[in-house]
Amino acid sequence: MSNTKRIMLKWKGEGLLFEGFGGAPDTPPIILDGEVREGPTPMDALLIACAGCAGADVVSILKKMKVTLENVSVEITGDRRTEHPKRYTALKYLFRIVGEGLDASKAERAVNLSLEKYCSVLHSLNPDIQLEHEIELA
């Protein structure tokens, strides 16, 4: 069974500036800018989506493990091909997580579940992308 999504992307009439609409009816638009003046490029937005998806998974999983989270941040680095298509060939995540009841085992389990099973954005990319991750607990 399929869950079809629909978005609308409109060129703003100048440069490489676009406004994207989608999701729920009252979702605010996002700006994509190939010239990086008013928003991230589409490729940067893809990294943001990968980080956001994994971050949401990790938060959800850790809450189910009864961790009281204080702070979660996800940094992601993407290596791209130099020739076209200039797609990502490797991604490296850095998760920084602070919370009561958190230990390395729980953090590693949550991150692995996200990256190996749940992160829809990541799993929508080419499966040959090399993945690495690191976790810092405070």
# chains A, B, ... in the order shown; residues from 1 in each chain; ligands from 1
call {"tool": "select_by_dssp", "arguments": {"residues": "chain A", "states": "helix (DSSP H, G or I)", "output": "ChimeraX atom specification"}}
result
/A:42-64,104-118,120-123
call {"tool": "residues_around", "arguments": {"residues": "Val111 in chain A", "least_positions_apart": "2", "cutoff": "10 Å", "atoms": "only C-alpha atoms", "output": "list in words"}}
result
Ala54, Gly55, Asp57, Val58, Val59, Ile61, Leu62, Tyr93, Phe95, Lys106, Ala107, Glu108, Arg109, Leu113, Ser114, Leu115, Glu116, Lys117, Tyr118, Cys119, His133, Glu134 and Ile135 of chain A
call {"tool": "residues_around", "arguments": {"residues": "Asp79 in chain A", "least_positions_apart": "2", "cutoff": "8 Å", "atoms": "only C-alpha atoms", "output": "list in words"}}
result
Thr77, Arg81, Tyr88, Thr89, Ala90 and Leu91 of chain A
call {"tool": "closest_residue", "arguments": {"among": "A:Gly78, A:Ile7, A:Val72, A:Thr41", "to": "Gly22 in chain A", "atoms": "only C-alpha atoms"}}
result
A:Ile7
call {"tool": "select_by_dssp", "arguments": {"residues": "chain A", "states": "strand (DSSP E)", "output": "VMD selection string"}}
result
chain A and resid 7 to 11 17 to 22 30 to 33 68 to 80 88 to 100 130 to 137
call {"tool": "residues_around", "arguments": {"residues": "Pro40 in chain A", "least_positions_apart": "2", "cutoff": "12 Å", "atoms": "only C-alpha atoms", "output": "PyMOL selection string"}}
result
chain A and resi 16-19+30-38+42-49
call {"tool": "write_last_selection", "arguments": {"atoms": "C-alpha atoms", "output": "PDB file, in the first residue's frame"}}
result
ATOM      1  CA  LEU A  16      17.375  30.205  -8.273  1.00  0.00           C
ATOM      2  CA  LEU A  17      14.906  31.040  -5.489  1.00  0.00           C
ATOM      3  CA  PHE A  18      11.961  28.691  -4.918  1.00  0.00           C
ATOM      4  CA  GLU A  19       9.194  28.421  -2.346  1.00  0.00           C
ATOM      5  CA  ILE A  30      10.098  26.570   2.947  1.00  0.00           C
ATOM      6  CA  ILE A  31      12.600  28.481   0.840  1.00  0.00           C
ATOM      7  CA  LEU A  32      15.196  26.763  -1.325  1.00  0.00           C
ATOM      8  CA  ASP A  33      17.849  28.910  -2.941  1.00  0.00           C
ATOM      9  CA  GLY A  34      20.428  27.565  -5.368  1.00  0.00           C
ATOM     10  CA  GLU A  35      22.403  30.779  -4.819  1.00  0.00           C
ATOM     11  CA  VAL A  36      22.278  30.559  -0.989  1.00  0.00           C
ATOM     12  CA  ARG A  37      20.995  34.086  -0.400  1.00  0.00           C
ATOM     13  CA  GLU A  38      17.633  33.431   1.245  1.00  0.00           C
ATOM     14  CA  PRO A  42      18.267  21.766  -2.373  1.00  0.00           C
ATOM     15  CA  MET A  43      21.298  19.574  -1.566  1.00  0.00           C
ATOM     16  CA  ASP A  44      21.763  21.282   1.799  1.00  0.00           C
ATOM     17  CA  ALA A  45      18.033  20.882   2.447  1.00  0.00           C
ATOM     18  CA  LEU A  46      18.455  17.166   1.779  1.00  0.00           C
ATOM     19  CA  LEU A  47      21.119  16.987   4.499  1.00  0.00           C
ATOM     20  CA  ILE A  48      18.843  18.957   6.827  1.00  0.00           C
ATOM     21  CA  ALA A  49      16.053  16.465   6.081  1.00  0.00           C
TER      22      ALA A  49
END
call {"tool": "residues_around", "arguments": {"residues": "Val121 in chain A", "least_positions_apart": "4", "cutoff": "8 Å", "atoms": "only C-alpha atoms", "output": "compact mmCIF listing (two decimals) with C-alpha atoms, in the first residue's frame"}}
result
# COMPACT_ATOMS: atom_id res chain seq x y z
CA ALA A 49 16.05 16.47 6.08
CA CYS A 50 18.38 13.51 6.80
CA CYS A 53 14.48 12.58 10.26
CA LEU A 125 18.56 7.75 -1.00
call {"tool": "closest_residue", "arguments": {"among": "A:Ser120, A:Ser60, A:Thr27, A:Asn71", "to": "Gly99 in chain A", "atoms": "only C-alpha atoms"}}
result
A:Asn71
call {"tool": "closest_residue", "arguments": {"among": "A:Ile97, A:Pro29, A:His84, A:Val67", "to": "Lys10 in chain A", "atoms": "only C-alpha atoms"}}
result
A:Pro29
call {"tool": "atom_distance", "arguments": {"atom1": "CA of Glu136 in chain A", "atom2": "CA of Lys66 in chain A"}}
result
19.0 Å
